[in-house]
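The structure file target.tsv is reproduced below (TSV, N, CA and C atoms).
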chain	number	residue	atom	x	y	z
A	181	MET	N	250.55	135.14	124.08
A	181	MET	CA	250.53	133.91	123.32
A	181	MET	C	251.08	132.75	124.15
A	182	ARG	N	252.09	133.03	124.95
A	182	ARG	CA	252.67	132.00	125.80
A	182	ARG	C	251.62	131.44	126.75
A	183	HIS	N	250.78	132.32	127.29
A	183	HIS	CA	249.74	131.90	128.22
A	183	HIS	C	248.77	130.93	127.53
A	184	PHE	N	248.47	131.16	126.27
A	184	PHE	CA	247.56	130.29	125.52
A	184	PHE	C	248.10	128.87	125.45
A	185	PHE	N	249.40	128.73	125.10
A	185	PHE	CA	249.98	127.40	124.96
A	185	PHE	C	250.19	126.71	126.30
A	186	CYS	N	250.41	127.48	127.35
A	186	CYS	CA	250.59	126.88	128.67
A	186	CYS	C	249.30	126.26	129.19
A	187	ASN	N	248.16	126.81	128.82
A	187	ASN	CA	246.88	126.31	129.30
A	187	ASN	C	246.32	125.16	128.47
A	188	LEU	N	246.97	124.85	127.37
A	188	LEU	CA	246.48	123.76	126.53
A	188	LEU	C	246.76	122.41	127.16
A	189	ASN	N	245.87	121.49	126.95
A	189	ASN	CA	246.04	120.12	127.37
A	189	ASN	C	247.21	119.51	126.61
A	190	ALA	N	247.99	118.65	127.27
A	190	ALA	CA	249.15	118.02	126.62
A	190	ALA	C	248.72	117.19	125.41
A	191	THR	N	247.57	116.56	125.48
A	191	THR	CA	247.09	115.75	124.37
A	191	THR	C	246.82	116.63	123.15
A	192	VAL	N	246.29	117.82	123.35
A	192	VAL	CA	246.04	118.74	122.23
A	192	VAL	C	247.35	119.11	121.57
A	193	LYS	N	248.38	119.40	122.37
A	193	LYS	CA	249.69	119.72	121.81
A	193	LYS	C	250.26	118.55	121.01
A	194	GLU	N	250.09	117.34	121.54
A	194	GLU	CA	250.59	116.15	120.85
A	194	GLU	C	249.83	115.93	119.54
A	195	LEU	N	248.54	116.17	119.55
A	195	LEU	CA	247.74	116.04	118.32
A	195	LEU	C	248.16	117.09	117.31
A	196	TRP	N	248.42	118.31	117.77
A	196	TRP	CA	248.88	119.36	116.86
A	196	TRP	C	250.22	119.00	116.23
A	197	LEU	N	251.10	118.39	117.02
A	197	LEU	CA	252.38	117.95	116.47
A	197	LEU	C	252.14	116.89	115.40
A	198	GLY	N	251.22	115.96	115.67
A	198	GLY	CA	250.87	114.93	114.68
A	198	GLY	C	250.32	115.54	113.40
A	199	ILE	N	249.49	116.57	113.52
A	199	ILE	CA	248.96	117.25	112.34
A	199	ILE	C	250.10	117.91	111.58
A	200	GLY	N	251.04	118.50	112.30
A	200	GLY	CA	252.20	119.12	111.65
A	200	GLY	C	253.03	118.10	110.88
A	201	ILE	N	253.27	116.95	111.49
A	201	ILE	CA	254.02	115.88	110.81
A	201	ILE	C	253.27	115.43	109.57
A	202	TRP	N	251.97	115.21	109.72
A	202	TRP	CA	251.13	114.81	108.59
A	202	TRP	C	251.19	115.85	107.47
A	203	GLY	N	251.10	117.12	107.83
A	203	GLY	CA	251.13	118.19	106.84
A	203	GLY	C	252.44	118.22	106.07
A	204	VAL	N	253.55	118.06	106.78
A	204	VAL	CA	254.86	118.05	106.11
A	204	VAL	C	254.96	116.87	105.15
A	205	LEU	N	254.52	115.69	105.60
A	205	LEU	CA	254.55	114.52	104.72
A	205	LEU	C	253.68	114.72	103.49
A	206	CYS	N	252.50	115.28	103.68
A	206	CYS	CA	251.60	115.52	102.55
A	206	CYS	C	252.18	116.56	101.59
A	207	GLU	N	252.79	117.59	102.14
A	207	GLU	CA	253.41	118.61	101.28
A	207	GLU	C	254.51	118.00	100.43
A	208	LEU	N	255.31	117.11	101.02
A	208	LEU	CA	256.37	116.45	100.27
A	208	LEU	C	255.81	115.58	99.15
A	209	VAL	N	254.71	114.89	99.43
A	209	VAL	CA	254.10	114.03	98.41
A	209	VAL	C	253.51	114.86	97.28
A	210	THR	N	252.90	115.98	97.60
A	210	THR	CA	252.28	116.80	96.54
A	210	THR	C	253.31	117.38	95.60
A	211	VAL	N	254.53	117.54	96.06
A	211	VAL	CA	255.58	118.06	95.18
A	211	VAL	C	255.75	117.14	93.97
A	212	TRP	N	255.58	115.83	94.17
A	212	TRP	CA	255.79	114.88	93.07
A	212	TRP	C	254.52	114.50	92.32
A	213	PHE	N	253.37	114.52	92.99
A	213	PHE	CA	252.18	113.93	92.37
A	213	PHE	C	251.08	114.91	91.97
A	214	VAL	N	251.20	116.17	92.31
A	214	VAL	CA	250.17	117.14	91.97
A	214	VAL	C	250.73	118.10	90.91
A	215	LYS	N	249.95	118.29	89.85
A	215	LYS	CA	250.43	119.16	88.76
A	215	LYS	C	250.49	120.62	89.18
A	216	ASP	N	249.45	121.12	89.80
A	216	ASP	CA	249.43	122.50	90.26
A	216	ASP	C	249.93	122.52	91.71
A	217	ARG	N	251.23	122.64	91.88
A	217	ARG	CA	251.85	122.52	93.20
A	217	ARG	C	251.40	123.62	94.17
A	218	MET	N	251.21	124.81	93.65
A	218	MET	CA	250.80	125.93	94.51
A	218	MET	C	249.40	125.67	95.09
A	219	SER	N	248.47	125.31	94.23
A	219	SER	CA	247.10	125.04	94.66
A	219	SER	C	247.05	123.83	95.59
A	220	GLY	N	247.83	122.80	95.26
A	220	GLY	CA	247.86	121.60	96.10
A	220	GLY	C	248.46	121.87	97.47
A	221	GLY	N	249.57	122.60	97.47
A	221	GLY	CA	250.22	122.92	98.74
A	221	GLY	C	249.36	123.82	99.62
A	222	LEU	N	248.71	124.79	98.99
A	222	LEU	CA	247.82	125.68	99.74
A	222	LEU	C	246.63	124.90	100.30
A	223	GLY	N	246.13	123.94	99.52
A	223	GLY	CA	245.03	123.11	100.00
A	223	GLY	C	245.42	122.32	101.23
A	224	ILE	N	246.62	121.73	101.22
A	224	ILE	CA	247.08	120.98	102.39
A	224	ILE	C	247.24	121.90	103.59
A	225	LEU	N	247.79	123.09	103.37
A	225	LEU	CA	247.94	124.05	104.46
A	225	LEU	C	246.59	124.43	105.05
A	226	ILE	N	245.63	124.71	104.20
A	226	ILE	CA	244.28	125.06	104.68
A	226	ILE	C	243.67	123.89	105.44
A	227	GLY	N	243.81	122.68	104.90
A	227	GLY	CA	243.28	121.50	105.57
A	227	GLY	C	243.92	121.27	106.93
A	228	CYS	N	245.23	121.44	107.02
A	228	CYS	CA	245.92	121.27	108.29
A	228	CYS	C	245.51	122.34	109.29
A	229	LEU	N	245.31	123.56	108.83
A	229	LEU	CA	244.83	124.62	109.72
A	229	LEU	C	243.42	124.32	110.23
A	230	LEU	N	242.58	123.79	109.34
A	230	LEU	CA	241.23	123.38	109.76
A	230	LEU	C	241.31	122.24	110.78
A	231	ALA	N	242.21	121.29	110.55
A	231	ALA	CA	242.38	120.18	111.49
A	231	ALA	C	242.84	120.69	112.85
A	232	THR	N	243.77	121.63	112.85
A	232	THR	CA	244.27	122.21	114.10
A	232	THR	C	243.15	122.92	114.84
A	233	ALA	N	242.38	123.71	114.12
A	233	ALA	CA	241.25	124.41	114.73
A	233	ALA	C	240.20	123.41	115.21
A	234	GLY	N	239.98	122.35	114.44
A	234	GLY	CA	239.00	121.33	114.82
A	234	GLY	C	239.38	120.62	116.10
A	235	ILE	N	240.67	120.30	116.26
A	235	ILE	CA	241.13	119.65	117.49
A	235	ILE	C	240.94	120.58	118.68
A	236	TRP	N	241.30	121.85	118.50
A	236	TRP	CA	241.12	122.81	119.59
A	236	TRP	C	239.64	122.94	119.96
A	237	HIS	N	238.78	123.01	118.94
A	237	HIS	CA	237.35	123.16	119.19
A	237	HIS	C	236.80	121.93	119.91
A	238	MET	N	237.21	120.74	119.49
A	238	MET	CA	236.75	119.53	120.17
A	238	MET	C	237.16	119.53	121.64
A	239	TRP	N	238.39	119.95	121.90
A	239	TRP	CA	238.88	119.99	123.28
A	239	TRP	C	238.04	120.95	124.11
A	240	ARG	N	237.77	122.15	123.57
A	240	ARG	CA	236.98	123.14	124.31
A	240	ARG	C	235.55	122.65	124.55
A	241	VAL	N	234.97	122.05	123.52
A	241	VAL	CA	233.59	121.56	123.64
A	241	VAL	C	233.51	120.43	124.67
A	242	LEU	N	234.44	119.49	124.62
A	242	LEU	CA	234.44	118.39	125.59
A	242	LEU	C	234.68	118.90	127.00
A	243	ASP	N	235.58	119.86	127.14
A	243	ASP	CA	235.86	120.43	128.45
A	243	ASP	C	234.62	121.11	129.02
A	244	THR	N	233.89	121.83	128.20
A	244	THR	CA	232.66	122.49	128.64
A	244	THR	C	231.56	121.47	128.93
A	245	ALA	N	231.45	120.46	128.07
A	245	ALA	CA	230.38	119.46	128.22
A	245	ALA	C	230.51	118.67	129.51
A	246	LEU	N	231.72	118.49	129.99
A	246	LEU	CA	231.91	117.74	131.24
A	246	LEU	C	231.25	118.42	132.43
A	247	ASP	N	231.04	119.72	132.33
A	247	ASP	CA	230.41	120.47	133.42
A	247	ASP	C	228.90	120.63	133.26
A	248	LEU	N	228.34	120.17	132.15
A	248	LEU	CA	226.93	120.45	131.87
A	248	LEU	C	225.96	119.42	132.45
A	249	GLY	N	226.40	118.23	132.71
A	249	GLY	CA	225.49	117.22	133.24
A	249	GLY	C	224.55	116.69	132.17
A	250	ASP	N	223.23	116.81	132.41
A	250	ASP	CA	222.23	116.24	131.50
A	250	ASP	C	222.18	116.94	130.14
A	251	GLY	N	222.62	118.18	130.07
A	251	GLY	CA	222.58	118.92	128.80
A	251	GLY	C	223.77	118.65	127.90
A	252	ALA	N	224.70	117.82	128.36
A	252	ALA	CA	225.93	117.58	127.60
A	252	ALA	C	225.69	116.95	126.22
A	253	PRO	N	224.86	115.90	126.10
A	253	PRO	CA	224.69	115.30	124.77
A	253	PRO	C	224.16	116.27	123.72
A	254	LYS	N	223.19	117.09	124.10
A	254	LYS	CA	222.63	118.06	123.17
A	254	LYS	C	223.69	119.10	122.79
A	255	TYR	N	224.46	119.56	123.77
A	255	TYR	CA	225.52	120.54	123.53
A	255	TYR	C	226.58	119.96	122.59
A	256	LEU	N	227.01	118.73	122.87
A	256	LEU	CA	228.02	118.08	122.03
A	256	LEU	C	227.54	117.92	120.59
A	257	THR	N	226.30	117.51	120.43
A	257	THR	CA	225.74	117.33	119.09
A	257	THR	C	225.68	118.65	118.34
A	258	ALA	N	225.19	119.68	118.99
A	258	ALA	CA	225.08	120.99	118.33
A	258	ALA	C	226.44	121.54	117.93
A	259	ARG	N	227.42	121.43	118.81
A	259	ARG	CA	228.76	121.94	118.50
A	259	ARG	C	229.45	121.12	117.42
A	260	SER	N	229.22	119.82	117.40
A	260	SER	CA	229.81	118.98	116.35
A	260	SER	C	229.23	119.36	114.99
A	261	TRP	N	227.91	119.54	114.92
A	261	TRP	CA	227.29	119.95	113.66
A	261	TRP	C	227.80	121.32	113.22
A	262	MET	N	228.00	122.21	114.18
A	262	MET	CA	228.53	123.53	113.85
A	262	MET	C	229.94	123.41	113.25
A	263	ARG	N	230.78	122.58	113.88
A	263	ARG	CA	232.15	122.40	113.39
A	263	ARG	C	232.15	121.82	111.98
A	264	TYR	N	231.35	120.78	111.76
A	264	TYR	CA	231.29	120.17	110.43
A	264	TYR	C	230.67	121.11	109.40
A	265	GLY	N	229.72	121.91	109.84
A	265	GLY	CA	229.13	122.91	108.94
A	265	GLY	C	230.15	123.92	108.47
A	266	ILE	N	231.01	124.36	109.38
A	266	ILE	CA	232.07	125.30	109.01
A	266	ILE	C	233.03	124.64	108.02
A	267	PHE	N	233.36	123.38	108.26
A	267	PHE	CA	234.23	122.65	107.32
A	267	PHE	C	233.59	122.60	105.93
A	268	VAL	N	232.31	122.30	105.86
A	268	VAL	CA	231.61	122.20	104.58
A	268	VAL	C	231.59	123.55	103.87
A	269	VAL	N	231.33	124.62	104.60
A	269	VAL	CA	231.31	125.96	104.01
A	269	VAL	C	232.69	126.31	103.44
A	270	ILE	N	233.74	126.02	104.19
A	270	ILE	CA	235.08	126.34	103.71
A	270	ILE	C	235.43	125.51	102.48
A	271	PHE	N	235.05	124.24	102.48
A	271	PHE	CA	235.29	123.42	101.29
A	271	PHE	C	234.47	123.90	100.11
A	272	GLY	N	233.26	124.37	100.36
A	272	GLY	CA	232.45	124.94	99.29
A	272	GLY	C	233.10	126.17	98.70
A	273	ILE	N	233.64	127.01	99.55
A	273	ILE	CA	234.35	128.21	99.08
A	273	ILE	C	235.56	127.81	98.23
A	274	LEU	N	236.31	126.80	98.69
A	274	LEU	CA	237.46	126.33	97.92
A	274	LEU	C	237.05	125.80	96.55
A	275	MET	N	235.93	125.10	96.50
A	275	MET	CA	235.47	124.53	95.23
A	275	MET	C	235.00	125.61	94.27
A	276	VAL	N	234.34	126.63	94.77
A	276	VAL	CA	233.81	127.69	93.92
A	276	VAL	C	234.93	128.64	93.46
A	277	THR	N	235.80	129.03	94.37
A	277	THR	CA	236.82	130.02	94.03
A	277	THR	C	238.05	129.41	93.36
A	278	GLU	N	238.27	128.13	93.55
A	278	GLU	CA	239.44	127.43	93.01
A	278	GLU	C	240.75	128.06	93.47
A	279	VAL	N	240.75	128.65	94.66
A	279	VAL	CA	241.95	129.24	95.25
A	279	VAL	C	242.94	128.13	95.61
A	280	ALA	N	242.40	127.04	96.13
A	280	ALA	CA	243.23	125.90	96.53
A	280	ALA	C	242.50	124.62	96.12
A	281	ASN	N	243.25	123.56	96.02
A	281	ASN	CA	242.70	122.27	95.64
A	281	ASN	C	241.90	121.70	96.80
A	282	PRO	N	240.58	121.49	96.63
A	282	PRO	CA	239.77	120.96	97.73
A	282	PRO	C	240.14	119.53	98.11
A	283	LEU	N	240.65	118.75	97.16
A	283	LEU	CA	241.03	117.37	97.49
A	283	LEU	C	242.27	117.34	98.39
A	284	THR	N	243.24	118.20	98.11
A	284	THR	CA	244.40	118.24	99.00
A	284	THR	C	244.04	118.90	100.34
A	285	ALA	N	243.06	119.80	100.32
A	285	ALA	CA	242.58	120.37	101.58
A	285	ALA	C	241.94	119.28	102.44
A	286	PHE	N	241.20	118.39	101.80
A	286	PHE	CA	240.60	117.26	102.53
A	286	PHE	C	241.70	116.35	103.06
A	287	LEU	N	242.74	116.15	102.26
A	287	LEU	CA	243.88	115.35	102.72
A	287	LEU	C	244.50	115.99	103.96
A	288	GLY	N	244.65	117.30	103.95
A	288	GLY	CA	245.17	117.99	105.12
A	288	GLY	C	244.25	117.87	106.32
A	289	LEU	N	242.95	117.95	106.09
A	289	LEU	CA	241.98	117.80	107.17
A	289	LEU	C	242.03	116.40	107.79
A	290	MET	N	242.38	115.42	106.98
A	290	MET	CA	242.51	114.06	107.50
A	290	MET	C	243.69	113.93	108.45
A	291	GLY	N	244.46	115.02	108.58
A	291	GLY	CA	245.50	115.07	109.60
A	291	GLY	C	244.94	114.87	111.00
A	292	MET	N	243.66	115.19	111.19
A	292	MET	CA	243.03	114.92	112.49
A	292	MET	C	243.05	113.43	112.78
A	293	LYS	N	242.72	112.63	111.78
A	293	LYS	CA	242.73	111.17	111.95
A	293	LYS	C	244.15	110.65	112.12
A	294	ALA	N	245.04	111.12	111.25
A	294	ALA	CA	246.43	110.67	111.32
A	294	ALA	C	247.04	111.03	112.67
A	295	ALA	N	246.75	112.23	113.15
A	295	ALA	CA	247.28	112.66	114.45
A	295	ALA	C	246.74	111.81	115.58
A	296	ALA	N	245.48	111.41	115.48
A	296	ALA	CA	244.89	110.56	116.51
A	296	ALA	C	245.61	109.21	116.57
A	297	TYR	N	246.02	108.69	115.43
A	297	TYR	CA	246.76	107.43	115.40
A	297	TYR	C	248.21	107.62	115.86
A	298	MET	N	248.80	108.78	115.59
A	298	MET	CA	250.18	109.05	115.98
A	298	MET	C	250.32	109.47	117.44
A	299	GLN	N	249.26	109.96	118.04
A	299	GLN	CA	249.33	110.55	119.38
A	299	GLN	C	249.91	109.61	120.43
A	300	PRO	N	249.53	108.33	120.49
A	300	PRO	CA	250.14	107.47	121.52
A	300	PRO	C	251.66	107.35	121.37
A	301	VAL	N	252.13	107.29	120.14
A	301	VAL	CA	253.57	107.19	119.89
A	301	VAL	C	254.26	108.48	120.30
A	302	ILE	N	253.68	109.61	119.90
A	302	ILE	CA	254.24	110.92	120.27
A	302	ILE	C	254.26	111.07	121.78
A	303	HIS	N	253.19	110.62	122.44
A	303	HIS	CA	253.11	110.71	123.90
A	303	HIS	C	254.23	109.90	124.56
A	304	LYS	N	254.47	108.68	124.06
A	304	LYS	CA	255.53	107.84	124.62
A	304	LYS	C	256.90	108.48	124.44
A	305	ILE	N	257.12	109.11	123.30
A	305	ILE	CA	258.39	109.78	123.05
A	305	ILE	C	258.58	110.92	124.04
A	306	PHE	N	257.54	111.72	124.26
A	306	PHE	CA	257.65	112.83	125.22
A	306	PHE	C	257.84	112.33	126.64
A	307	GLU	N	257.19	111.24	126.99
A	307	GLU	CA	257.32	110.68	128.34
A	307	GLU	C	258.74	110.16	128.57
A	308	ARG	N	259.34	109.57	127.58
A	308	ARG	CA	260.72	109.07	127.71
A	308	ARG	C	261.71	110.22	127.87
A	309	ARG	N	261.42	111.35	127.23
A	309	ARG	CA	262.33	112.49	127.31
A	309	ARG	C	262.27	113.18	128.66
A	310	ARG	N	261.19	112.97	129.40
A	310	ARG	CA	261.04	113.62	130.72
A	310	ARG	C	261.80	112.85	131.72

Using C-alpha cells, write down the structure from this file.
Amino acid sequence: MRHFFCNLNATVKELWLGIGIWGVLCELVTVWFVKDRMSGGLGILIGCLLATAGIWHMWRVLDTALDLGDGAPKYLTARSWMRYGIFVVIFGILMVTEVANPLTAFLGLMGMKAAAYMQPVIHKIFERRR
C-alpha cells in the first residue's frame, strides 16, 4: 500500500485531501439538516469515495493519454464517458435501493469540484511546510 501512495502525483494527494475536507464539512452539515442522518451520511461517504476514485481515474487517463499522440482525444472521450457512466449506474442503484440518499451522494461527489478549488491553497500550505 505504501508503494501505491508513493507513486501518486502530489496534485492527486492534494485533491484527495480537499475531498476529505469537503466530506467532513458535509457530514457535519447533514447532522443538522438531514432527517435520516444514516442515509445522508452514507450518501456523502459514497459520493466522496466516488470523487476520490474519479480523481484517480482522471489522473491515470491523462497520464496514459499524454503518450498516445493522435489517439489521445478519442481515448480521453471514451474514458470520460465510461467514468460518468459508472457514476450514473451507481446513482441509479442508490435511487432504486434507497440504501443511501442520492442527493447527499451527489453532494459528496461535488467534492471533486470543491477539491479543485481548494487545491491551490492546500498546495501553498504544503510548500510552506517544506

May I ask for the distance between atom CA of Ala296 of chain A and atom CA of Cys206 of chain A, given in Å to one decimal place?
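Separating atom CA of Ala296 of chain A from atom CA of Cys206 of chain A is a distance of 16.3 Å.
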
Calculate how many Å separate atom CA of Leu230 of chain A from atom CA of Leu289 of chain A, rounding to one decimal.
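Spanning atom CA of Leu230 of chain A to atom CA of Leu289 of chain A is a straight-line distance of 6.2 Å.
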
Report the distance between atom CA of Phe271 of chain A and atom CA of Glu194 of chain A in Å, rounded to one decimal place.
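Distance between the two atoms: 25.9 Å.
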
Please determine, counting only N, CA and C atoms, which residue among A:Met298, A:Arg308, A:Leu188, A:Gly288 has the shortest atom-to-atom distance to Ile226 of chain A.
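The answer is A:Gly288, which sits nearest to Ile226 of chain A.
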
Near Glu207 of chain A, within 8 Å and counting only N, CA and C atoms, which residues show up once chain neighbours fewer than 3 positions away are dropped, as a PyMOL selection string?
chain A and resi 201-204+210-212+220-221+224-225

Using only C-alpha atoms, which residues sit within 10 Å of Phe267 of chain A once same-chain residues fewer than 3 positions away are excluded, as a list in words?
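Answer for this query is Gly227, Leu230, Ala231, Gly234, Trp261, Met262, Arg263, Tyr264, Ile270, Phe271, Gly272, Ile273, Phe286 and Leu289 of chain A.
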
Give one line per residue of segment 232-292 of chain A that approaches segment 189-193 of chain A to at most 8 Å, naming the two atoms of the closest pair and their distance in Å to one decimal, counting all atoms listed in the file; sort by chain then ascending residue number and deliver it as a Markdown table.
| residue | atom | partner | partner_atom | distance |
| --- | --- | --- | --- | --- |
| A:Ile235 | C | A:Val192 | CA | 6.5 |
| A:Trp236 | N | A:Val192 | CA | 6.8 |
| A:Trp239 | CA | A:Val192 | CA | 7.3 |

With N, CA and C atoms kept, could you save the residues just selected as a PDB file, in the coordinates of the input?
ATOM      1  N   ILE A 235     240.670 120.300 116.260  1.00  0.00           N
ATOM      2  CA  ILE A 235     241.130 119.650 117.490  1.00  0.00           C
ATOM      3  C   ILE A 235     240.940 120.580 118.680  1.00  0.00           C
ATOM      4  N   TRP A 236     241.300 121.850 118.500  1.00  0.00           N
ATOM      5  CA  TRP A 236     241.120 122.810 119.590  1.00  0.00           C
ATOM      6  C   TRP A 236     239.640 122.940 119.960  1.00  0.00           C
ATOM      7  N   TRP A 239     238.390 119.950 121.900  1.00  0.00           N
ATOM      8  CA  TRP A 239     238.880 119.990 123.280  1.00  0.00           C
ATOM      9  C   TRP A 239     238.040 120.950 124.110  1.00  0.00           C
TER      10      TRP A 239
END

Counting only N, CA and C atoms, which of A:Thr257, A:Thr277, A:Thr244, A:Thr284 gets nearest to Gly223 of chain A?
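Looking at the shortest contact to Gly223 of chain A, the residue is A:Thr284.
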
As lines of an AutoDock Vina configuration file: centre and edge lengths in Å, one decimal, of the axis-aligned box holding segment 262-266 of chain A with 8 Å per side:
center_x = 230.5
center_y = 122.7
center_z = 111.1
size_x = 21.0
size_y = 21.1
size_z = 22.2

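Closest approach to Ser260 of chain A among A:Met238, A:Ala280, A:Leu287, A:Leu246 is made by A:Met238 (distances from only N, CA and C atoms).
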